[in-house]
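For reference, the structure discussed in these notes is given below.
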Amino acid sequence: MNTPELGLPMPVPAEGLPARVRIHEVGARDGLQNEKATVPTAVKAEFIRRLAGTGLTTIEATSFVHPKWVPQLADAEDLYPQISGLPVELPVLVPNERGLDRALALGARRVAVFASATESFAKANLNRTVDESLAMFEPVVSRAKGEGDDVRVRGYLSMCFGDPWEGPVPVPQVVRVCRALLDLGCDELSLGDTIGVATPGQVTALLAALTGAGIPVSALGVHFHDTYGQALANTLAALQQGVSTVDASAGGLGGCPFAKSATGNLATEDLVWMLRGLGIDTGVDLGRLVATSVWMAAHLGRPSPSRTVRALSHQES
């Protein structure tokens with residue numbers, strides 16, 4: 001039985017929450033880059049087409065990173081032309097100027113850079129210090145913004161709440177890197193709980209510090225992993241602080257290839273279920289989204305970890 005057709009969950013709005021949330025779907029990039037086996041390009045393209053058919057408006061497509069580092073996304077040049085005509089935003093990751101050149105050559109108008117709030121992760125992920133990585137991103141962001149007013153740049157910031165090598169991450173450290181990314185010209189920041197250790201009070205404290213430092217909440221999105229089962233609670237805390245952009249991954253795909261303790265992303269279906277219950281509009285057809293994740297799970301040969309997908313599709317764990 002498909003319970004959304006029965007009007008479930010029952011919408012009960014809460015005060016102080018945004019009326020609408022934009023979901024930044026990362027399953028096709030952040031999710032599939034963590035698969036041991038490479039997913040065929042045609043399957044990736046169909047996955048993105050199906051996601052676009054659910055009402056999602058932002059679907060992160062791929063990453064123009066060197067295939068040595070993320071071989072699962074080595075087909076970026078082949079994939080992007082197959083989906084570029086879809087009526088949705090299709091952000092791509094560009095780790096450096098070479099990656100930007102490749103993305104721009106295919107007509108990409110939404111790009112993202114990937115920074116770290118901690119020195120240990122910057123070294124592990126980029127082989128640079130935090131400041132060296134920011135210096136590397138400066139010409140990337142500047143050149144992207146110089147391509148026209150329709151180009152937007154997102155800055156991902158990893159390890160905002162905890163680091164597997166350094167432990168707790170001081171709030172002022174995160175604020176400093178966020179400010180630096182905005183000063184480079186990033187239009188939006190995604191605050192990443194890369195290893196899933198955040199709790200709601202920590203989320204509230206960081207967002208309060210960021211807005212207190214003059215960073216508008218409208219420029220902030222959140223990206224939670226569900227390692228300790230806190231992703232939805234952390235999302236609600238962020239919504240209560242005015243955040244209205246939330247990253248999520250269809251079917252709960254993904255983690256982080258450079259942080260081995262990280263487990264899956266917040267499942268888009270679980271997020272949509274909670275937001276629907278809060279009376280918050282997403283524009284997403286939950287039934288179609290569940291069907292899409294079931295379809296992809298079949299290609300991957302395992303059931304989706306999303307509780308909502310399992311409940312609505314009767315998948316077994």
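By order of appearance in the structure tokens: chains A, B, ..., then residues from 1 within every chain, and ligands from 1 in the order shown.
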Using only C-alpha atoms, find each residue in range 129-198 of chain A having at least one atom no more than 8 Å away from range 96-117 of chain A; report its shortest atom-to-atom pair and that distance in Å (one decimal), rows by chain then rising number, as a Markdown table.
| residue | atom | partner | partner_atom | distance |
| --- | --- | --- | --- | --- |
| A:Val130 | CA | A:Ser116 | CA | 6.5 |
| A:Ser133 | CA | A:Ala115 | CA | 6.9 |
| A:Leu134 | CA | A:Ala115 | CA | 7.3 |
| A:Met136 | CA | A:Asn96 | CA | 6.8 |
| A:Phe137 | CA | A:Asn96 | CA | 6.6 |
| A:Pro139 | CA | A:Glu97 | CA | 7.2 |
| A:Val140 | CA | A:Glu97 | CA | 5.3 |
| A:Ala144 | CA | A:Leu100 | CA | 7.5 |
| A:Asp150 | CA | A:Arg109 | CA | 6.8 |
| A:Val151 | CA | A:Arg109 | CA | 4.7 |
| A:Arg152 | CA | A:Arg110 | CA | 5.1 |
| A:Val153 | CA | A:Val111 | CA | 5.1 |
| A:Arg154 | CA | A:Ala112 | CA | 4.4 |
| A:Gly155 | CA | A:Val113 | CA | 5.1 |
| A:Tyr156 | CA | A:Phe114 | CA | 4.7 |
| A:Leu157 | CA | A:Ala115 | CA | 4.9 |
| A:Ser158 | CA | A:Ser116 | CA | 4.6 |
| A:Met159 | CA | A:Ala117 | CA | 5.7 |
| A:Cys160 | CA | A:Ala117 | CA | 5.9 |
| A:Val169 | CA | A:Ala117 | CA | 7.8 |
| A:Gln173 | CA | A:Ala117 | CA | 6.6 |
| A:Val174 | CA | A:Ala117 | CA | 5.4 |
| A:Val177 | CA | A:Ala117 | CA | 6.2 |
Restricting the output to N, CA, C and O atoms, write the selected residues as a PDB file, in the first residue's frame.
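This went into out_33.pdb:
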ATOM      1  N   VAL A 130      44.703  24.030   4.255  1.00  0.00           N
ATOM      2  CA  VAL A 130      43.442  24.731   4.029  1.00  0.00           C
ATOM      3  C   VAL A 130      43.676  25.993   3.211  1.00  0.00           C
ATOM      4  O   VAL A 130      42.982  26.255   2.218  1.00  0.00           O
ATOM      5  N   SER A 133      44.583  25.266  -0.384  1.00  0.00           N
ATOM      6  CA  SER A 133      43.427  24.851  -1.181  1.00  0.00           C
ATOM      7  C   SER A 133      42.571  26.058  -1.553  1.00  0.00           C
ATOM      8  O   SER A 133      42.066  26.152  -2.673  1.00  0.00           O
ATOM      9  N   LEU A 134      42.423  26.994  -0.629  1.00  0.00           N
ATOM     10  CA  LEU A 134      41.672  28.213  -0.943  1.00  0.00           C
ATOM     11  C   LEU A 134      42.352  28.991  -2.062  1.00  0.00           C
ATOM     12  O   LEU A 134      41.689  29.531  -2.963  1.00  0.00           O
ATOM     13  N   MET A 136      44.111  27.688  -4.408  1.00  0.00           N
ATOM     14  CA  MET A 136      43.877  26.935  -5.637  1.00  0.00           C
ATOM     15  C   MET A 136      42.482  27.226  -6.195  1.00  0.00           C
ATOM     16  O   MET A 136      42.288  27.291  -7.410  1.00  0.00           O
ATOM     17  N   PHE A 137      41.516  27.434  -5.300  1.00  0.00           N
ATOM     18  CA  PHE A 137      40.148  27.674  -5.740  1.00  0.00           C
ATOM     19  C   PHE A 137      39.936  29.095  -6.260  1.00  0.00           C
ATOM     20  O   PHE A 137      38.989  29.331  -7.021  1.00  0.00           O
ATOM     21  N   PRO A 139      41.353  31.150  -8.551  1.00  0.00           N
ATOM     22  CA  PRO A 139      41.166  31.341  -9.996  1.00  0.00           C
ATOM     23  C   PRO A 139      40.014  30.522 -10.562  1.00  0.00           C
ATOM     24  O   PRO A 139      39.406  30.914 -11.561  1.00  0.00           O
ATOM     25  N   VAL A 140      39.685  29.396  -9.934  1.00  0.00           N
ATOM     26  CA  VAL A 140      38.560  28.582 -10.401  1.00  0.00           C
ATOM     27  C   VAL A 140      37.259  29.360 -10.247  1.00  0.00           C
ATOM     28  O   VAL A 140      36.470  29.494 -11.196  1.00  0.00           O
ATOM     29  N   ALA A 144      35.071  31.100 -13.269  1.00  0.00           N
ATOM     30  CA  ALA A 144      33.692  30.638 -13.438  1.00  0.00           C
ATOM     31  C   ALA A 144      32.739  31.824 -13.415  1.00  0.00           C
ATOM     32  O   ALA A 144      31.846  31.944 -14.277  1.00  0.00           O
ATOM     33  N   ASP A 150      24.842  34.136 -15.323  1.00  0.00           N
ATOM     34  CA  ASP A 150      24.040  32.935 -15.111  1.00  0.00           C
ATOM     35  C   ASP A 150      24.844  31.788 -14.498  1.00  0.00           C
ATOM     36  O   ASP A 150      24.286  30.719 -14.230  1.00  0.00           O
ATOM     37  N   VAL A 151      26.143  31.991 -14.279  1.00  0.00           N
ATOM     38  CA  VAL A 151      26.970  30.948 -13.673  1.00  0.00           C
ATOM     39  C   VAL A 151      26.953  31.121 -12.159  1.00  0.00           C
ATOM     40  O   VAL A 151      27.139  32.224 -11.640  1.00  0.00           O
ATOM     41  N   ARG A 152      26.719  30.024 -11.455  1.00  0.00           N
ATOM     42  CA  ARG A 152      26.736  30.054  -9.997  1.00  0.00           C
ATOM     43  C   ARG A 152      27.737  29.036  -9.476  1.00  0.00           C
ATOM     44  O   ARG A 152      27.902  27.954 -10.060  1.00  0.00           O
ATOM     45  N   VAL A 153      28.399  29.407  -8.386  1.00  0.00           N
ATOM     46  CA  VAL A 153      29.438  28.560  -7.802  1.00  0.00           C
ATOM     47  C   VAL A 153      29.050  28.195  -6.374  1.00  0.00           C
ATOM     48  O   VAL A 153      28.724  29.066  -5.562  1.00  0.00           O
ATOM     49  N   ARG A 154      29.079  26.919  -6.106  1.00  0.00           N
ATOM     50  CA  ARG A 154      28.814  26.420  -4.752  1.00  0.00           C
ATOM     51  C   ARG A 154      30.137  26.051  -4.096  1.00  0.00           C
ATOM     52  O   ARG A 154      31.028  25.486  -4.734  1.00  0.00           O
ATOM     53  N   GLY A 155      30.268  26.342  -2.819  1.00  0.00           N
ATOM     54  CA  GLY A 155      31.438  25.912  -2.065  1.00  0.00           C
ATOM     55  C   GLY A 155      31.041  24.852  -1.058  1.00  0.00           C
ATOM     56  O   GLY A 155      30.278  25.126  -0.126  1.00  0.00           O
ATOM     57  N   TYR A 156      31.535  23.632  -1.269  1.00  0.00           N
ATOM     58  CA  TYR A 156      31.341  22.590  -0.267  1.00  0.00           C
ATOM     59  C   TYR A 156      32.396  22.760   0.819  1.00  0.00           C
ATOM     60  O   TYR A 156      33.574  22.985   0.518  1.00  0.00           O
ATOM     61  N   LEU A 157      31.991  22.618   2.068  1.00  0.00           N
ATOM     62  CA  LEU A 157      32.950  22.673   3.165  1.00  0.00           C
ATOM     63  C   LEU A 157      32.793  21.412   4.002  1.00  0.00           C
ATOM     64  O   LEU A 157      31.781  21.206   4.669  1.00  0.00           O
ATOM     65  N   SER A 158      33.807  20.556   3.934  1.00  0.00           N
ATOM     66  CA  SER A 158      33.781  19.289   4.661  1.00  0.00           C
ATOM     67  C   SER A 158      34.247  19.470   6.102  1.00  0.00           C
ATOM     68  O   SER A 158      34.908  20.444   6.450  1.00  0.00           O
ATOM     69  N   MET A 159      33.914  18.500   6.931  1.00  0.00           N
ATOM     70  CA  MET A 159      34.394  18.417   8.315  1.00  0.00           C
ATOM     71  C   MET A 159      33.996  19.621   9.159  1.00  0.00           C
ATOM     72  O   MET A 159      34.764  20.111   9.983  1.00  0.00           O
ATOM     73  N   CYS A 160      32.775  20.105   8.982  1.00  0.00           N
ATOM     74  CA  CYS A 160      32.323  21.266   9.751  1.00  0.00           C
ATOM     75  C   CYS A 160      32.004  20.933  11.204  1.00  0.00           C
ATOM     76  O   CYS A 160      31.962  21.835  12.048  1.00  0.00           O
ATOM     77  N   VAL A 169      35.722  20.083  15.829  1.00  0.00           N
ATOM     78  CA  VAL A 169      36.210  21.184  14.999  1.00  0.00           C
ATOM     79  C   VAL A 169      35.710  22.497  15.603  1.00  0.00           C
ATOM     80  O   VAL A 169      34.497  22.707  15.701  1.00  0.00           O
ATOM     81  N   GLN A 173      36.915  28.177  13.496  1.00  0.00           N
ATOM     82  CA  GLN A 173      37.675  27.620  12.373  1.00  0.00           C
ATOM     83  C   GLN A 173      36.775  27.447  11.152  1.00  0.00           C
ATOM     84  O   GLN A 173      37.161  27.762  10.018  1.00  0.00           O
ATOM     85  N   VAL A 174      35.560  26.955  11.388  1.00  0.00           N
ATOM     86  CA  VAL A 174      34.601  26.768  10.301  1.00  0.00           C
ATOM     87  C   VAL A 174      34.162  28.121   9.753  1.00  0.00           C
ATOM     88  O   VAL A 174      34.086  28.318   8.533  1.00  0.00           O
ATOM     89  N   VAL A 177      36.762  29.683   7.310  1.00  0.00           N
ATOM     90  CA  VAL A 177      36.826  29.127   5.956  1.00  0.00           C
ATOM     91  C   VAL A 177      35.564  29.474   5.173  1.00  0.00           C
ATOM     92  O   VAL A 177      35.616  29.747   3.970  1.00  0.00           O
TER      93      VAL A 177
END
Range 39-87 of chain A: residues DSSP assigns to strand (DSSP E or B), reported as a ChimeraX atom specification: /A:58-59,62-63
Every residue of range 38-244 of chain A that DSSP places in helix (DSSP H, G or I), as JSON, numbers by chain: {"A": [41, 42, 43, 44, 45, 46, 47, 48, 49, 50, 51, 52, 71, 72, 73, 76, 77, 78, 79, 80, 81, 82, 83, 97, 98, 99, 100, 101, 102, 103, 104, 105, 119, 120, 121, 122, 123, 124, 125, 126, 130, 131, 132, 133, 134, 135, 136, 137, 138, 139, 140, 141, 142, 143, 144, 145, 171, 172, 173, 174, 175, 176, 177, 178, 179, 180, 181, 182, 183, 184, 200, 201, 202, 203, 204, 205, 206, 207, 208, 209, 210, 211, 212, 217, 218, 219, 231, 232, 233, 234, 235, 236, 237, 238, 239, 240]}
Neighbour list for range 227-237 of chain A as a PyMOL selection string, cut-off 8 Å, only C-alpha atoms, skip fewer than 2 positions in-chain: chain A and resi 195-201+203-204+222+224-225+239-241+246+262-264+266+270-271+274
Å distance separating CA of Pro305 in chain A from CA of Gly252 in chain A, one decimal place: 5.9 Å
Pick from A:Val243, A:Ala311, A:Leu90, A:Leu286, whichever lies nearest to Thr54 in chain A using only C-alpha atoms: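 Checking each of A:Val243, A:Ala311, A:Leu90, A:Leu286 against Thr54 in chain A, counting only C-alpha atoms, the winner is A:Leu286.
One finds CA of Pro95 in chain A at 8.8 Å from CA of His66 in chain A.
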Distance query Pro216 in chain A at most 12 Å, only C-alpha atoms, self and fewer than 5 positions along chain excluded, as an NGL selection string: :A and (178-179 or 182 or 187-189 or 207-211 or 221 or 241-244)
